[in-house]
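What's in protein_1.txt: compact mmCIF, N, CA and C atoms
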```
# COMPACT_ATOMS: atom_id res chain seq x y z
N MET A 7 65.52 31.82 -20.77
CA MET A 7 64.57 31.79 -19.66
C MET A 7 63.58 30.65 -19.89
N PRO A 8 63.37 29.82 -18.87
CA PRO A 8 62.44 28.71 -19.04
C PRO A 8 61.00 29.21 -19.16
N ASP A 9 60.18 28.39 -19.82
CA ASP A 9 58.77 28.74 -19.97
C ASP A 9 58.09 28.80 -18.62
N SER A 10 57.12 29.70 -18.50
CA SER A 10 56.34 29.76 -17.27
C SER A 10 55.27 28.67 -17.31
N LEU A 11 54.73 28.36 -16.17
CA LEU A 11 53.69 27.35 -16.08
C LEU A 11 52.49 27.77 -16.93
N ARG A 12 52.15 29.03 -16.90
CA ARG A 12 51.02 29.54 -17.68
C ARG A 12 51.28 29.36 -19.19
N ASP A 13 52.49 29.68 -19.64
CA ASP A 13 52.83 29.51 -21.06
C ASP A 13 52.76 28.05 -21.48
N LEU A 14 53.27 27.18 -20.62
CA LEU A 14 53.24 25.75 -20.94
C LEU A 14 51.81 25.22 -21.00
N GLU A 15 50.96 25.67 -20.09
CA GLU A 15 49.56 25.23 -20.10
C GLU A 15 48.85 25.73 -21.35
N ALA A 16 49.18 26.94 -21.79
CA ALA A 16 48.59 27.47 -23.03
C ALA A 16 49.08 26.65 -24.23
N GLY A 17 50.35 26.28 -24.24
CA GLY A 17 50.88 25.44 -25.30
C GLY A 17 50.22 24.08 -25.32
N ARG A 18 49.97 23.54 -24.15
CA ARG A 18 49.29 22.23 -24.06
C ARG A 18 47.87 22.33 -24.60
N ALA A 19 47.19 23.43 -24.29
CA ALA A 19 45.82 23.62 -24.80
C ALA A 19 45.82 23.67 -26.33
N LYS A 20 46.83 24.32 -26.92
CA LYS A 20 46.93 24.38 -28.38
C LYS A 20 47.16 22.98 -28.96
N LEU A 21 47.97 22.19 -28.28
CA LEU A 21 48.22 20.83 -28.76
C LEU A 21 46.95 19.98 -28.70
N PHE A 22 46.16 20.17 -27.64
CA PHE A 22 44.88 19.45 -27.56
C PHE A 22 43.96 19.87 -28.70
N GLN A 23 43.99 21.15 -29.06
CA GLN A 23 43.19 21.62 -30.19
C GLN A 23 43.66 20.96 -31.48
N GLN A 24 44.98 20.83 -31.63
CA GLN A 24 45.51 20.16 -32.82
C GLN A 24 45.05 18.70 -32.87
N MET A 25 44.99 18.05 -31.71
CA MET A 25 44.53 16.65 -31.66
C MET A 25 43.10 16.55 -32.18
N GLN A 26 42.28 17.55 -31.85
CA GLN A 26 40.88 17.51 -32.27
C GLN A 26 40.72 17.72 -33.77
N THR A 27 41.73 18.26 -34.44
CA THR A 27 41.63 18.49 -35.88
C THR A 27 42.15 17.32 -36.69
N LEU A 28 42.66 16.29 -36.03
CA LEU A 28 43.17 15.14 -36.77
C LEU A 28 42.05 14.45 -37.52
N ASP A 29 42.38 14.01 -38.71
CA ASP A 29 41.43 13.29 -39.55
C ASP A 29 41.65 11.79 -39.32
N ASP A 30 41.05 10.96 -40.14
CA ASP A 30 41.24 9.51 -40.04
C ASP A 30 42.73 9.19 -40.19
N PHE A 31 43.22 8.27 -39.35
CA PHE A 31 44.62 7.88 -39.47
C PHE A 31 44.81 6.43 -39.09
N ARG A 32 45.90 5.87 -39.60
CA ARG A 32 46.27 4.50 -39.25
C ARG A 32 47.78 4.35 -39.42
N PRO A 33 48.35 3.45 -38.62
CA PRO A 33 49.80 3.26 -38.69
C PRO A 33 50.19 2.42 -39.89
N GLY A 34 51.46 2.47 -40.21
CA GLY A 34 51.99 1.63 -41.27
C GLY A 34 52.91 2.42 -42.17
N SER A 35 53.42 1.73 -43.16
CA SER A 35 54.24 2.39 -44.16
C SER A 35 53.84 1.84 -45.52
N ILE A 36 53.91 2.73 -46.50
CA ILE A 36 53.52 2.36 -47.85
C ILE A 36 54.78 2.12 -48.67
N SER A 37 54.76 1.04 -49.43
CA SER A 37 55.92 0.71 -50.27
C SER A 37 55.42 0.28 -51.65
N VAL A 38 56.35 0.26 -52.57
CA VAL A 38 56.06 -0.16 -53.94
C VAL A 38 56.84 -1.44 -54.20
N VAL A 39 56.16 -2.43 -54.75
CA VAL A 39 56.79 -3.71 -55.05
C VAL A 39 56.60 -4.01 -56.52
N VAL A 40 57.70 -4.20 -57.23
CA VAL A 40 57.64 -4.65 -58.62
C VAL A 40 57.84 -6.16 -58.57
N ARG A 41 56.95 -6.87 -59.16
CA ARG A 41 56.99 -8.32 -59.01
C ARG A 41 57.18 -9.05 -60.33
N ARG A 42 57.60 -10.27 -60.19
CA ARG A 42 57.70 -11.19 -61.34
C ARG A 42 56.82 -12.39 -60.98
N CYS A 43 56.04 -12.84 -61.94
CA CYS A 43 55.05 -13.88 -61.64
C CYS A 43 55.67 -15.27 -61.52
N GLY A 44 56.80 -15.51 -62.15
CA GLY A 44 57.44 -16.81 -62.05
C GLY A 44 57.17 -17.73 -63.21
N LYS A 45 56.29 -17.34 -64.13
CA LYS A 45 56.03 -18.18 -65.30
C LYS A 45 57.20 -18.02 -66.28
N PRO A 46 57.80 -19.10 -66.71
CA PRO A 46 58.98 -18.99 -67.58
C PRO A 46 58.69 -18.38 -68.95
N THR A 47 57.46 -18.42 -69.41
CA THR A 47 57.13 -17.88 -70.72
C THR A 47 56.63 -16.43 -70.66
N CYS A 48 56.52 -15.89 -69.49
CA CYS A 48 56.00 -14.51 -69.33
C CYS A 48 57.09 -13.50 -69.68
N HIS A 49 56.67 -12.33 -70.11
CA HIS A 49 57.64 -11.27 -70.44
C HIS A 49 58.51 -10.89 -69.24
N CYS A 50 57.98 -11.05 -68.02
CA CYS A 50 58.75 -10.65 -66.84
C CYS A 50 59.95 -11.57 -66.59
N ALA A 51 59.95 -12.75 -67.23
CA ALA A 51 61.06 -13.68 -67.06
C ALA A 51 62.25 -13.34 -67.96
N GLN A 52 62.03 -12.44 -68.89
CA GLN A 52 63.11 -12.06 -69.82
C GLN A 52 64.13 -11.17 -69.10
N PRO A 53 65.39 -11.27 -69.45
CA PRO A 53 66.40 -10.40 -68.84
C PRO A 53 66.09 -8.93 -69.10
N ASN A 54 66.36 -8.10 -68.13
CA ASN A 54 66.18 -6.65 -68.20
C ASN A 54 64.73 -6.20 -68.35
N ASP A 55 63.78 -7.09 -68.15
CA ASP A 55 62.37 -6.69 -68.19
C ASP A 55 62.01 -6.06 -66.85
N ALA A 56 61.18 -5.05 -66.89
CA ALA A 56 60.81 -4.32 -65.67
C ALA A 56 59.85 -5.10 -64.78
N GLY A 57 59.30 -6.17 -65.25
CA GLY A 57 58.36 -6.95 -64.46
C GLY A 57 56.94 -6.46 -64.66
N HIS A 58 56.05 -6.92 -63.83
CA HIS A 58 54.65 -6.52 -63.92
C HIS A 58 54.46 -5.15 -63.28
N ASP A 59 53.28 -4.60 -63.48
CA ASP A 59 52.98 -3.29 -62.90
C ASP A 59 53.30 -3.29 -61.41
N PRO A 60 53.77 -2.16 -60.91
CA PRO A 60 54.09 -2.12 -59.48
C PRO A 60 52.83 -2.24 -58.63
N GLN A 61 53.01 -2.86 -57.48
CA GLN A 61 51.92 -2.97 -56.51
C GLN A 61 52.26 -2.05 -55.33
N PHE A 62 51.29 -1.26 -54.93
CA PHE A 62 51.46 -0.38 -53.77
C PHE A 62 50.87 -1.11 -52.58
N ARG A 63 51.64 -1.16 -51.50
CA ARG A 63 51.23 -1.94 -50.33
C ARG A 63 51.39 -1.14 -49.05
N LEU A 64 50.47 -1.39 -48.14
CA LEU A 64 50.56 -0.84 -46.79
C LEU A 64 50.99 -1.97 -45.87
N THR A 65 52.06 -1.77 -45.13
CA THR A 65 52.56 -2.78 -44.21
C THR A 65 52.47 -2.21 -42.80
N ARG A 66 51.95 -3.01 -41.88
CA ARG A 66 51.82 -2.58 -40.49
C ARG A 66 51.88 -3.79 -39.57
N LYS A 67 52.02 -3.54 -38.30
CA LYS A 67 52.01 -4.61 -37.30
C LYS A 67 50.61 -4.71 -36.69
N ALA A 68 50.13 -5.94 -36.53
CA ALA A 68 48.84 -6.19 -35.89
C ALA A 68 48.98 -7.45 -35.05
N ASP A 69 48.77 -7.32 -33.78
CA ASP A 69 48.89 -8.45 -32.85
C ASP A 69 50.24 -9.15 -32.97
N GLY A 70 51.30 -8.36 -33.13
CA GLY A 70 52.65 -8.90 -33.19
C GLY A 70 53.04 -9.50 -34.53
N LYS A 71 52.16 -9.41 -35.51
CA LYS A 71 52.46 -9.96 -36.83
C LYS A 71 52.46 -8.83 -37.86
N THR A 72 53.23 -9.02 -38.92
CA THR A 72 53.25 -8.06 -40.01
C THR A 72 52.10 -8.36 -40.95
N VAL A 73 51.31 -7.33 -41.22
CA VAL A 73 50.16 -7.46 -42.11
C VAL A 73 50.40 -6.55 -43.31
N THR A 74 50.17 -7.08 -44.50
CA THR A 74 50.36 -6.31 -45.73
C THR A 74 49.04 -6.24 -46.47
N GLU A 75 48.74 -5.04 -46.92
CA GLU A 75 47.49 -4.80 -47.65
C GLU A 75 47.83 -4.20 -49.01
N SER A 76 47.28 -4.75 -50.07
CA SER A 76 47.45 -4.19 -51.41
C SER A 76 46.21 -3.37 -51.75
N PHE A 77 46.38 -2.42 -52.66
CA PHE A 77 45.29 -1.53 -53.01
C PHE A 77 44.77 -1.87 -54.39
N SER A 78 43.46 -1.98 -54.50
CA SER A 78 42.84 -2.38 -55.77
C SER A 78 42.69 -1.20 -56.72
N THR A 79 42.65 0.00 -56.19
CA THR A 79 42.47 1.18 -57.04
C THR A 79 43.42 2.29 -56.61
N PRO A 80 43.71 3.22 -57.52
CA PRO A 80 44.52 4.37 -57.13
C PRO A 80 43.86 5.20 -56.03
N ALA A 81 42.53 5.27 -56.02
CA ALA A 81 41.82 6.02 -54.98
C ALA A 81 42.05 5.39 -53.61
N ALA A 82 42.03 4.07 -53.54
CA ALA A 82 42.27 3.38 -52.26
C ALA A 82 43.70 3.63 -51.79
N PHE A 83 44.64 3.65 -52.73
CA PHE A 83 46.03 3.94 -52.39
C PHE A 83 46.18 5.35 -51.84
N ARG A 84 45.59 6.34 -52.52
CA ARG A 84 45.69 7.73 -52.06
C ARG A 84 45.04 7.92 -50.71
N LYS A 85 43.93 7.25 -50.46
CA LYS A 85 43.25 7.32 -49.17
C LYS A 85 44.18 6.78 -48.07
N ALA A 86 44.77 5.64 -48.29
CA ALA A 86 45.68 5.05 -47.30
C ALA A 86 46.90 5.94 -47.09
N GLN A 87 47.39 6.55 -48.15
CA GLN A 87 48.54 7.44 -48.04
C GLN A 87 48.21 8.64 -47.14
N ARG A 88 47.02 9.22 -47.32
CA ARG A 88 46.59 10.34 -46.46
C ARG A 88 46.48 9.88 -45.00
N GLU A 89 45.94 8.68 -44.80
CA GLU A 89 45.75 8.17 -43.44
C GLU A 89 47.09 7.93 -42.74
N VAL A 90 48.07 7.41 -43.48
CA VAL A 90 49.40 7.18 -42.90
C VAL A 90 50.08 8.52 -42.59
N GLU A 91 49.94 9.49 -43.47
CA GLU A 91 50.51 10.82 -43.22
C GLU A 91 49.88 11.45 -41.98
N GLU A 92 48.57 11.26 -41.83
CA GLU A 92 47.88 11.81 -40.67
C GLU A 92 48.33 11.10 -39.39
N PHE A 93 48.65 9.82 -39.50
CA PHE A 93 49.18 9.10 -38.34
C PHE A 93 50.53 9.68 -37.92
N HIS A 94 51.37 10.04 -38.88
CA HIS A 94 52.65 10.66 -38.55
C HIS A 94 52.44 12.01 -37.87
N ARG A 95 51.42 12.74 -38.31
CA ARG A 95 51.09 14.01 -37.65
C ARG A 95 50.63 13.75 -36.21
N PHE A 96 49.81 12.70 -36.02
CA PHE A 96 49.37 12.31 -34.68
C PHE A 96 50.57 12.00 -33.78
N GLN A 97 51.55 11.27 -34.33
CA GLN A 97 52.73 10.93 -33.54
C GLN A 97 53.51 12.18 -33.12
N THR A 98 53.63 13.13 -34.03
CA THR A 98 54.35 14.37 -33.73
C THR A 98 53.64 15.17 -32.65
N VAL A 99 52.33 15.34 -32.79
CA VAL A 99 51.56 16.09 -31.79
C VAL A 99 51.61 15.37 -30.45
N SER A 100 51.52 14.05 -30.45
CA SER A 100 51.59 13.27 -29.21
C SER A 100 52.94 13.46 -28.51
N ALA A 101 54.01 13.40 -29.27
CA ALA A 101 55.35 13.60 -28.68
C ALA A 101 55.49 15.00 -28.10
N ASP A 102 54.98 16.00 -28.82
CA ASP A 102 55.02 17.37 -28.31
C ASP A 102 54.20 17.51 -27.04
N LEU A 103 53.05 16.86 -27.01
CA LEU A 103 52.17 16.91 -25.84
C LEU A 103 52.85 16.28 -24.63
N ILE A 104 53.52 15.17 -24.83
CA ILE A 104 54.25 14.51 -23.73
C ILE A 104 55.36 15.41 -23.22
N ALA A 105 56.10 16.04 -24.13
CA ALA A 105 57.21 16.92 -23.73
C ALA A 105 56.71 18.11 -22.90
N VAL A 106 55.61 18.72 -23.34
CA VAL A 106 55.04 19.86 -22.60
C VAL A 106 54.54 19.40 -21.24
N ASN A 107 53.88 18.26 -21.19
CA ASN A 107 53.37 17.77 -19.91
C ASN A 107 54.50 17.45 -18.93
N GLU A 108 55.61 16.94 -19.43
CA GLU A 108 56.75 16.67 -18.54
C GLU A 108 57.26 17.97 -17.93
N LYS A 109 57.34 19.04 -18.74
CA LYS A 109 57.78 20.34 -18.23
C LYS A 109 56.79 20.87 -17.20
N ILE A 110 55.49 20.71 -17.48
CA ILE A 110 54.47 21.17 -16.54
C ILE A 110 54.60 20.42 -15.22
N CYS A 111 54.80 19.12 -15.29
CA CYS A 111 54.92 18.31 -14.07
C CYS A 111 56.12 18.75 -13.23
N ARG A 112 57.23 19.10 -13.91
CA ARG A 112 58.41 19.55 -13.17
C ARG A 112 58.19 20.92 -12.53
N LEU A 113 57.44 21.79 -13.18
CA LEU A 113 57.25 23.15 -12.67
C LEU A 113 56.12 23.28 -11.66
N ARG A 114 55.10 22.43 -11.78
CA ARG A 114 53.94 22.57 -10.89
C ARG A 114 54.37 22.22 -9.47
N PRO A 115 54.07 23.11 -8.53
CA PRO A 115 54.46 22.84 -7.14
C PRO A 115 53.62 21.72 -6.53
N ALA A 116 54.23 21.05 -5.59
CA ALA A 116 53.53 19.98 -4.86
C ALA A 116 52.51 20.62 -3.93
N GLU A 117 51.51 19.84 -3.56
CA GLU A 117 50.53 20.33 -2.60
C GLU A 117 51.21 20.52 -1.26
N PRO A 118 50.69 21.44 -0.46
CA PRO A 118 51.30 21.67 0.86
C PRO A 118 51.29 20.39 1.71
N GLU A 119 52.33 20.26 2.50
CA GLU A 119 52.46 19.10 3.38
C GLU A 119 51.31 19.04 4.39
N GLN A 120 50.75 17.87 4.56
CA GLN A 120 49.70 17.66 5.55
C GLN A 120 50.25 16.92 6.77
N GLY A 121 51.51 16.67 6.76
CA GLY A 121 52.13 15.93 7.86
C GLY A 121 52.95 14.78 7.31
N ALA A 122 53.54 14.04 8.18
CA ALA A 122 54.38 12.92 7.79
C ALA A 122 53.51 11.73 7.40
N TRP A 123 54.17 10.76 6.74
CA TRP A 123 53.48 9.53 6.38
C TRP A 123 53.07 8.79 7.64
N THR A 124 51.87 8.25 7.63
CA THR A 124 51.47 7.38 8.73
C THR A 124 52.02 5.99 8.41
N PRO A 125 52.19 5.16 9.43
CA PRO A 125 52.67 3.79 9.15
C PRO A 125 51.75 3.03 8.18
N GLN A 126 50.43 3.26 8.29
CA GLN A 126 49.49 2.57 7.40
C GLN A 126 49.68 3.05 5.95
N GLU A 127 49.91 4.36 5.75
CA GLU A 127 50.11 4.88 4.40
C GLU A 127 51.39 4.31 3.78
N LYS A 128 52.44 4.23 4.57
CA LYS A 128 53.70 3.67 4.07
C LYS A 128 53.50 2.22 3.65
N LYS A 129 52.82 1.45 4.49
CA LYS A 129 52.60 0.03 4.21
C LYS A 129 51.76 -0.15 2.94
N ARG A 130 50.68 0.64 2.81
CA ARG A 130 49.80 0.56 1.65
C ARG A 130 50.56 0.96 0.37
N LEU A 131 51.38 1.99 0.46
CA LEU A 131 52.15 2.44 -0.69
C LEU A 131 53.18 1.39 -1.11
N LEU A 132 53.87 0.79 -0.16
CA LEU A 132 54.86 -0.23 -0.48
C LEU A 132 54.21 -1.46 -1.13
N LYS A 133 53.03 -1.84 -0.65
CA LYS A 133 52.31 -2.97 -1.26
C LYS A 133 51.91 -2.65 -2.68
N SER A 134 51.46 -1.43 -2.89
CA SER A 134 51.06 -1.00 -4.23
C SER A 134 52.23 -1.02 -5.20
N ILE A 135 53.38 -0.53 -4.76
CA ILE A 135 54.58 -0.52 -5.59
C ILE A 135 55.03 -1.95 -5.89
N ALA A 136 54.99 -2.80 -4.87
CA ALA A 136 55.41 -4.20 -5.07
C ALA A 136 54.52 -4.90 -6.07
N ARG A 137 53.19 -4.63 -6.03
CA ARG A 137 52.27 -5.25 -6.99
C ARG A 137 52.56 -4.77 -8.40
N SER A 138 52.82 -3.48 -8.57
CA SER A 138 53.07 -2.96 -9.92
C SER A 138 54.41 -3.48 -10.47
N LEU A 139 55.40 -3.72 -9.62
CA LEU A 139 56.67 -4.26 -10.07
C LEU A 139 56.56 -5.74 -10.43
N ALA A 140 55.63 -6.45 -9.79
CA ALA A 140 55.46 -7.88 -10.02
C ALA A 140 54.77 -8.16 -11.36
N LYS A 141 54.12 -7.17 -11.94
CA LYS A 141 53.39 -7.38 -13.20
C LYS A 141 54.31 -7.50 -14.37
```
Is it possible to give me this structure as C-alpha cells?
Amino acid sequence: MPDSLRDLEAGRAKLFQQMQTLDDFRPGSISVVVRRCGKPTCHCAQPNDAGHDPQFRLTRKADGKTVTESFSTPAAFRKAQREVEEFHRFQTVSADLIAVNEKICRLRPAEPEQGAWTPQEKKRLLKSIARSLAK
C-alpha cells in the first residue's frame, strides 16, 4: 500500500529535523599519500623503503579545479574527517528529502480548475518556457 499524503508529510518533517541536527560539514575525500622526496641520498630512495611518513590529504573540487589540503596535526585531520562524514550524512538526508517530496508532489491533488487558459496566459507561459530553454 502506498504511503498516504499525511505519512509522507510527517516523514518530510522528520527529515527537516535531521537537517537541523547536522554539524559542520564540507565536501571532499580524504586519502593517504606515502611520498618519496626525490633526493638520491635519502633513505626513501633505497629499494623496499616505505618512504616518508604518510600525508593525509583532503581533496575536493572548487571552481572546477581540484584542491588538495594537507593536515599539519592529527587533530586537524580528525576534524576534517568528521566534517567529510557529516557531509555524506547531509547528502543522504538530502536524497531522502527529494524522494519524499517527489512522492508528495505526485499525490497532492491539483487546485480546482478555474477555467480554461486565456490566450494571454498561454502566450505568457510559452514565452517563459522559451526563455528558460534558451539559458
With distances taken over all atoms listed in the file, the candidate from A:Pro125, A:Ala105, A:Glu92, A:Ala82 nearest A:Leu28 is A:Glu92
Atom CA of A:Ser35 to atom N of A:Thr65 measures 4.8 Å
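Backbone DSSP over stretch 16-46 of chain A gives helix (DSSP H, G or I) for Ala16, Gly17, Arg18, Ala19, Lys20, Leu21, Phe22, Gln23, Gln24, Met25 and Gln26 of chain A.
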Expected answer as a ChimeraX atom specification: all residues with atoms within 8 Å of (57.7, -4.7, -62.9), only C-alpha atoms: /A:39-42,50,55-60
Item to check | A:Phe62 environment, 6 Å, only N, CA and C atoms, sequence neighbours closer than 5 positions dropped, as a list in words | outcome: Ser37, Val38, Val39, Glu75, Ser76 and Phe77 of chain A
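When atom CA of A:Arg18 is paired with atom CA of A:Asp102, their separation reads 8.6 Å.
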Between A:Val90, A:Ala122, A:Cys43, A:Val99, smallest distance to A:Phe22 by all atoms listed in the file belongs to A:Val99
The distance between atom N of A:Phe31 and atom C of A:Arg88 is 6.7 Å
Which residues are near A:Val73? Cut-off 8 Å, all atoms listed in the file, ignore same chain within fewer than 5 positions. Put them as a CSV table (one decimal) with N, CA and C atoms, keeping the file's coordinate frame.
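After the write, selection17.csv holds the following:
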```
chain,number,residue,atom,x,y,z
A,63,ARG,N,51.6,-1.2,-51.5
A,63,ARG,CA,51.2,-1.9,-50.3
A,63,ARG,C,51.4,-1.1,-49.0
A,64,LEU,N,50.5,-1.4,-48.1
A,64,LEU,CA,50.6,-0.8,-46.8
A,64,LEU,C,51.0,-2.0,-45.9
A,65,THR,N,52.1,-1.8,-45.1
A,65,THR,CA,52.6,-2.8,-44.2
A,65,THR,C,52.5,-2.2,-42.8
A,66,ARG,N,52.0,-3.0,-41.9
A,66,ARG,CA,51.8,-2.6,-40.5
A,66,ARG,C,51.9,-3.8,-39.6
A,67,LYS,N,52.0,-3.5,-38.3
A,67,LYS,CA,52.0,-4.6,-37.3
A,67,LYS,C,50.6,-4.7,-36.7
A,68,ALA,N,50.1,-5.9,-36.5
A,68,ALA,CA,48.8,-6.2,-35.9
A,68,ALA,C,49.0,-7.4,-35.0
```
Will you give me stretch 56-72 of chain A, written with N, CA, C and O atoms and laid out as an mmCIF file, in the first residue's frame?
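And here is the file that came out, part.cif:
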```
data_model
loop_
_atom_site.group_PDB
_atom_site.id
_atom_site.type_symbol
_atom_site.label_atom_id
_atom_site.label_comp_id
_atom_site.auth_asym_id
_atom_site.auth_seq_id
_atom_site.Cartn_x
_atom_site.Cartn_y
_atom_site.Cartn_z
ATOM 1 N N ALA A 56 59.893 2.206 2.853
ATOM 2 C CA ALA A 56 58.483 2.621 2.916
ATOM 3 C C ALA A 56 58.280 4.088 2.556
ATOM 4 O O ALA A 56 57.145 4.531 2.386
ATOM 5 N N GLY A 57 59.317 4.845 2.454
ATOM 6 C CA GLY A 57 59.184 6.261 2.132
ATOM 7 C C GLY A 57 59.030 7.092 3.392
ATOM 8 O O GLY A 57 59.232 6.616 4.501
ATOM 9 N N HIS A 58 58.666 8.331 3.225
ATOM 10 C CA HIS A 58 58.487 9.235 4.361
ATOM 11 C C HIS A 58 57.128 8.989 5.006
ATOM 12 O O HIS A 58 56.276 8.284 4.452
ATOM 13 N N ASP A 59 56.942 9.598 6.157
ATOM 14 C CA ASP A 59 55.667 9.445 6.859
ATOM 15 C C ASP A 59 54.507 9.744 5.917
ATOM 16 O O ASP A 59 54.601 10.630 5.058
ATOM 17 N N PRO A 60 53.413 9.030 6.088
ATOM 18 C CA PRO A 60 52.269 9.291 5.201
ATOM 19 C C PRO A 60 51.681 10.675 5.448
ATOM 20 O O PRO A 60 51.729 11.187 6.561
ATOM 21 N N GLN A 61 51.180 11.256 4.384
ATOM 22 C CA GLN A 61 50.483 12.538 4.482
ATOM 23 C C GLN A 61 48.998 12.279 4.255
ATOM 24 O O GLN A 61 48.612 11.598 3.305
ATOM 25 N N PHE A 62 48.183 12.836 5.125
ATOM 26 C CA PHE A 62 46.735 12.727 4.993
ATOM 27 C C PHE A 62 46.261 13.989 4.291
ATOM 28 O O PHE A 62 46.627 15.102 4.681
ATOM 29 N N ARG A 63 45.457 13.797 3.255
ATOM 30 C CA ARG A 63 45.031 14.934 2.432
ATOM 31 C C ARG A 63 43.536 14.915 2.189
ATOM 32 O O ARG A 63 42.931 13.855 2.051
ATOM 33 N N LEU A 64 42.977 16.104 2.120
ATOM 34 C CA LEU A 64 41.582 16.281 1.736
ATOM 35 C C LEU A 64 41.581 16.816 0.314
ATOM 36 O O LEU A 64 42.246 17.818 0.019
ATOM 37 N N THR A 65 40.878 16.139 -0.573
ATOM 38 C CA THR A 65 40.790 16.562 -1.967
ATOM 39 C C THR A 65 39.340 16.892 -2.266
ATOM 40 O O THR A 65 38.435 16.141 -1.899
ATOM 41 N N ARG A 66 39.130 18.028 -2.920
ATOM 42 C CA ARG A 66 37.771 18.463 -3.271
ATOM 43 C C ARG A 66 37.820 19.322 -4.521
ATOM 44 O O ARG A 66 38.899 19.743 -4.950
ATOM 45 N N LYS A 67 36.667 19.570 -5.091
ATOM 46 C CA LYS A 67 36.562 20.456 -6.254
ATOM 47 C C LYS A 67 36.150 21.841 -5.778
ATOM 48 O O LYS A 67 35.274 21.983 -4.927
ATOM 49 N N ALA A 68 36.791 22.868 -6.337
ATOM 50 C CA ALA A 68 36.449 24.258 -6.044
ATOM 51 C C ALA A 68 36.587 25.051 -7.331
ATOM 52 O O ALA A 68 37.672 25.091 -7.921
ATOM 53 N N ASP A 69 35.512 25.631 -7.763
ATOM 54 C CA ASP A 69 35.507 26.413 -9.008
ATOM 55 C C ASP A 69 36.035 25.616 -10.187
ATOM 56 O O ASP A 69 36.817 26.110 -11.005
ATOM 57 N N GLY A 70 35.667 24.340 -10.262
ATOM 58 C CA GLY A 70 36.058 23.489 -11.374
ATOM 59 C C GLY A 70 37.479 22.951 -11.305
ATOM 60 O O GLY A 70 37.928 22.294 -12.232
ATOM 61 N N LYS A 71 38.179 23.246 -10.228
ATOM 62 C CA LYS A 71 39.553 22.765 -10.085
ATOM 63 C C LYS A 71 39.646 21.855 -8.864
ATOM 64 O O LYS A 71 38.906 22.003 -7.901
ATOM 65 N N THR A 72 40.589 20.930 -8.917
ATOM 66 C CA THR A 72 40.834 20.052 -7.782
ATOM 67 C C THR A 72 41.759 20.763 -6.801
ATOM 68 O O THR A 72 42.818 21.265 -7.182
#
```
